[in-house]
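J.: The structure is given below, and queries will be raised subsequently.
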There are 2 protein chains.
Amino acid sequence: MRRRPRPGPVAGRAGDDNGGVPKSNAPDSGKKKTMTPSPERRRELLGVAAEVFAAQGYNATTVRKIADAAGMLAGSLYYHFDSKESMLDEILATFLDELWAGYDAVLAAGLGPRETIEALVTESFREIDRHHAAVAIYQKESRHLSVQPRFTYLADSQRKFEKAWLGTLERGVADGVFRADLDIRLTYRFVRDTVWVAASWYRPGGLHSPEEIARQYLSMVLDGIALGERTP
Amino acid sequence: MRRRPRPGPVAGRAGDDNGGVPKSNAPDSGKKKTMTPSPERRRELLGVAAEVFAAQGYNATTVRKIADAAGMLAGSLYYHFDSKESMLDEILATFLDELWAGYDAVLAAGLGPRETIEALVTESFREIDRHHAAVAIYQKESRHLSVQPRFTYLADSQRKFEKAWLGTLERGVADGVFRADLDIRLTYRFVRDTVWVAASWYRPGGLHSPEEIARQYLSMVLDGIALGERTP
DNA sequence: CTCCTTCCCTAACAAGTGTTTGGTAGGTTA
DNA sequence: TAACCTACCAAACACTTGTTAGGGAAGGAG
């Protein structure tokens, strides 16, 4: 047996096989010809790559480190992927696809403003739980990636994101369930940042479930941490 | 005139000349001998370096890019600095020094829990205003830097930070000014993250002053965004 | 004028980077 | 058995990276 010992799937959870095909931006540049890597192995490798990216940062991560964590050599990765960048692309694209599947379901449910905010926050922490590596990468790198032509869908997603959250907050103010004396844009930024930055300290299987974290956060942001009546 | 045109100081604000000497971690490794770069020029260059670091990320930033932004060539930077890493070190160290000067003053003022939180948040947004590049770098890179022996002071600062905030929150719960039904550790994380992540979107000279942002944030986190009585 | 200090340039180095090419072990199919 | 396919290795490629060494221009001091 000359092959190196292959480590098992790092975080391969059961029941993750959604058939959603991530719309990668690769224009199918006709380079590789007669090779058909299996999608399962691709997902495995993307898992370890995401883990390393999240831990070390994308630029600080060399393909050799990824290959090392996967138990193979650097060049072997190119049997499965076009480039290091395409790994990042696929990680982020699949994450955003699943995220928006959940978000769209919430937004289409026709809930009230407050219930929509609650559902969006809860859904966000669930996504952090399932894709905490991808979220960490997204949170760190999306800002300088979104200007790159390949990653314009990141900026698109951010705009859609803002529209959904801001619209809900405005609706809540109009309906009289949210305060009208706050700058809604600032509120949106605060909420958005706090939710996503949680990926930097959240670890799956920790003390709190995603739902519990969402409850606590919503309780804080909706009712405040101060005791007693409001201070005008 | 063979020299390249030197751009002026990029963000050289007046009145920034605090005499505080940042305790760099360099053990004065006796390499460079007879050269005495001026501290003013160092600060200028550190300013542009911080800007590029913040925009592109530390690892994605090459010394040639920094030199380019400063109007000189890569090698010339080494007249002023030992290494790229020492630039990062000095940027973060001086920022943390000034930050803790402000924090310690607040903590020594003997205010009540609520007033302490308000003062800490306001002070934080002021620091973001004055060091927004350094804060952005700190926010992005501190996690994987703090394990490096040279940057242990980052972890030290984080521990001190946690002690100050958590202690104040606990005091507030004990005094009956903060709610007792929230997980105080989660609250701390939420508040900490929201404050510092603001550096990623805050731009000095924008619509809102640091004090105004602090007011809005404090209003949200203390009283909540929901209207009407609390929901138990 | 000459000496000295400050500040930068030119030109290179060695190590590390992402990527490519050709080969090959082992299983599956015919 | 022979042909074929998947998944990897081994070795190199071109390029970028941080860093260094030596030199020189400008300006002030003597």
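Residues in the structure tokens are named by chain (A, B, ... in the order shown) and by number from 1 within that chain; ligands are numbered from 1 in the order shown.
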Do me a favour and pick out the residues of chain A within 8 Å of chain C, using only C-alpha atoms (C1' of nucleotides), as a PyMOL selection string.
T.: chain A and resi 62-63+75+83-84
J.: Based on only C-alpha atoms (C1' of nucleotides), which of the residues in chain D come within 10 Å of chain A? I want them as a list in words.
T.: DC5, DT6, DA7, DC8, DC9 and DA10 of chain D
J.: Extract the full set of alpha helix (DSSP H) residues from stretch 8-171 of chain B according to DSSP on the backbone, and format it as a ChimeraX atom specification.
T.: /B:39-56,63-70,84-107,113-130,132-145,152-171
J.: Report as a Markdown table: every residue of chain B with an atom at most 6 Å from chain A, its closest pair of atoms, and their distance in Å to one decimal, counting only C-alpha atoms, with rows sorted by chain and ascending residue number.
T.:
| residue | atom | partner | partner_atom | distance |
| --- | --- | --- | --- | --- |
| B:Asn59 | CA | A:Asn59 | CA | 5.9 |
| B:Ala60 | CA | A:Asn59 | CA | 5.9 |
| B:Val177 | CA | A:Leu227 | CA | 5.3 |
| B:Phe178 | CA | A:Ala226 | CA | 4.6 |
| B:Arg179 | CA | A:Leu227 | CA | 5.5 |
| B:Phe190 | CA | A:Thr194 | CA | 5.9 |
| B:Thr194 | CA | A:Thr194 | CA | 5.1 |
| B:Val221 | CA | A:Gly224 | CA | 5.0 |
| B:Leu222 | CA | A:Gly224 | CA | 4.4 |
| B:Asp223 | CA | A:Gly224 | CA | 4.0 |
| B:Gly224 | CA | A:Gly224 | CA | 3.8 |
| B:Ile225 | CA | A:Leu222 | CA | 4.9 |
| B:Ala226 | CA | A:Phe178 | CA | 4.5 |
| B:Leu227 | CA | A:Phe178 | CA | 5.1 |
J.: Write out the residues from the selection above, keeping C-alpha atoms, as a short mmCIF file (atom, residue, chain, number, x, y, z; two decimals), in the first residue's frame.
T.:
data_model
loop_
_atom_site.label_atom_id
_atom_site.label_comp_id
_atom_site.auth_asym_id
_atom_site.auth_seq_id
_atom_site.Cartn_x
_atom_site.Cartn_y
_atom_site.Cartn_z
CA ASN B 59 -1.25 38.69 3.60
CA ALA B 60 -2.60 39.93 0.30
CA VAL B 177 -29.78 47.92 36.21
CA PHE B 178 -29.33 45.16 33.64
CA ARG B 179 -31.56 42.17 33.01
CA PHE B 190 -22.56 40.49 20.75
CA THR B 194 -20.87 44.90 16.89
CA VAL B 221 -28.75 47.69 22.89
CA LEU B 222 -30.01 49.18 26.13
CA ASP B 223 -33.68 49.71 25.28
CA GLY B 224 -34.25 47.51 22.24
CA ILE B 225 -35.80 48.36 18.91
CA ALA B 226 -39.27 47.03 19.71
CA LEU B 227 -42.07 49.35 20.71
#
J.: What gap, in Å, lies between atom CA of A:Leu154 and atom CA of A:Leu96?
T.: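 The value is 8.5 Å.
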J.: Select, from B:Ser124, B:Ile117, B:Arg42, B:Phe161, the residue with the minimum atom-to-atom distance to B:Tyr78, counting only C-alpha atoms.
T.: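 Selected residue with least distance to B:Tyr78: B:Arg42.
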J.: List as a ChimeraX atom specification the protein and nucleic acid residues near A:Arg130, meaning an atom at most 9 Å away when only C-alpha atoms (C1' of nucleotides) are counted, but skip any in the same chain fewer than 4 places from it.
T.: /A:125-126,204
J.: So how many Å separate atom CA of B:Leu92 and atom CA of B:Glu115, to one decimal?
T.: 27.9 Å
J.: Could you give me, as number ranges by chain, the residues within 12 Å of B:Leu111, counting only C-alpha atoms (C1' of nucleotides) and dropping anything in the same chain fewer than 5 positions from it?
T.: B: 105-106, 116-120, 168, 171-172
J.: Please write the residues from the selection above to a file, keeping N, CA and C atoms, as an mmCIF file, in the first residue's frame.
T.:
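Here's the written file again03.cif:
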data_model
loop_
_atom_site.group_PDB
_atom_site.id
_atom_site.type_symbol
_atom_site.label_atom_id
_atom_site.label_comp_id
_atom_site.auth_asym_id
_atom_site.auth_seq_id
_atom_site.Cartn_x
_atom_site.Cartn_y
_atom_site.Cartn_z
ATOM 1 N N ALA B 105 -8.820 55.149 31.497
ATOM 2 C CA ALA B 105 -9.376 56.379 32.059
ATOM 3 C C ALA B 105 -10.846 56.188 32.405
ATOM 4 N N VAL B 106 -11.577 55.536 31.497
ATOM 5 C CA VAL B 106 -13.004 55.291 31.747
ATOM 6 C C VAL B 106 -13.188 54.391 32.962
ATOM 7 N N THR B 116 -20.701 53.223 32.684
ATOM 8 C CA THR B 116 -19.427 52.668 32.222
ATOM 9 C C THR B 116 -19.578 52.065 30.829
ATOM 10 N N ILE B 117 -20.656 51.303 30.655
ATOM 11 C CA ILE B 117 -20.905 50.736 29.324
ATOM 12 C C ILE B 117 -21.037 51.842 28.287
ATOM 13 N N GLU B 118 -21.806 52.858 28.630
ATOM 14 C CA GLU B 118 -21.978 53.967 27.691
ATOM 15 C C GLU B 118 -20.642 54.622 27.355
ATOM 16 N N ALA B 119 -19.828 54.806 28.366
ATOM 17 C CA ALA B 119 -18.537 55.460 28.128
ATOM 18 C C ALA B 119 -17.604 54.561 27.315
ATOM 19 N N LEU B 120 -17.647 53.270 27.583
ATOM 20 C CA LEU B 120 -16.783 52.347 26.833
ATOM 21 C C LEU B 120 -17.191 52.302 25.361
ATOM 22 N N THR B 168 -18.171 44.699 34.076
ATOM 23 C CA THR B 168 -19.154 45.778 34.119
ATOM 24 C C THR B 168 -20.572 45.241 33.958
ATOM 25 N N ARG B 171 -21.624 43.522 37.145
ATOM 26 C CA ARG B 171 -21.936 44.523 38.153
ATOM 27 C C ARG B 171 -23.320 45.117 37.913
ATOM 28 N N GLY B 172 -23.606 45.335 36.622
ATOM 29 C CA GLY B 172 -24.911 45.890 36.294
ATOM 30 C C GLY B 172 -26.048 44.946 36.646
#
J.: Pick out the residues sitting within 12 Å of B:Val48, and hand them over as number ranges by chain; count only C-alpha atoms (C1' of nucleotides), and ignore anything fewer than 3 positions along from it in its own chain.
T.: B: 7-12, 41-45, 51-55, 61, 63, 65-72, 77, 87-88, 91, 133-134
J.: What does the structure give for the distance between atom CA of A:Arg203 and atom CA of A:Ser142, in Å to one decimal?
T.: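 Taking atom CA of A:Arg203 as the start and atom CA of A:Ser142 as the end point, the length is 20.9 Å.
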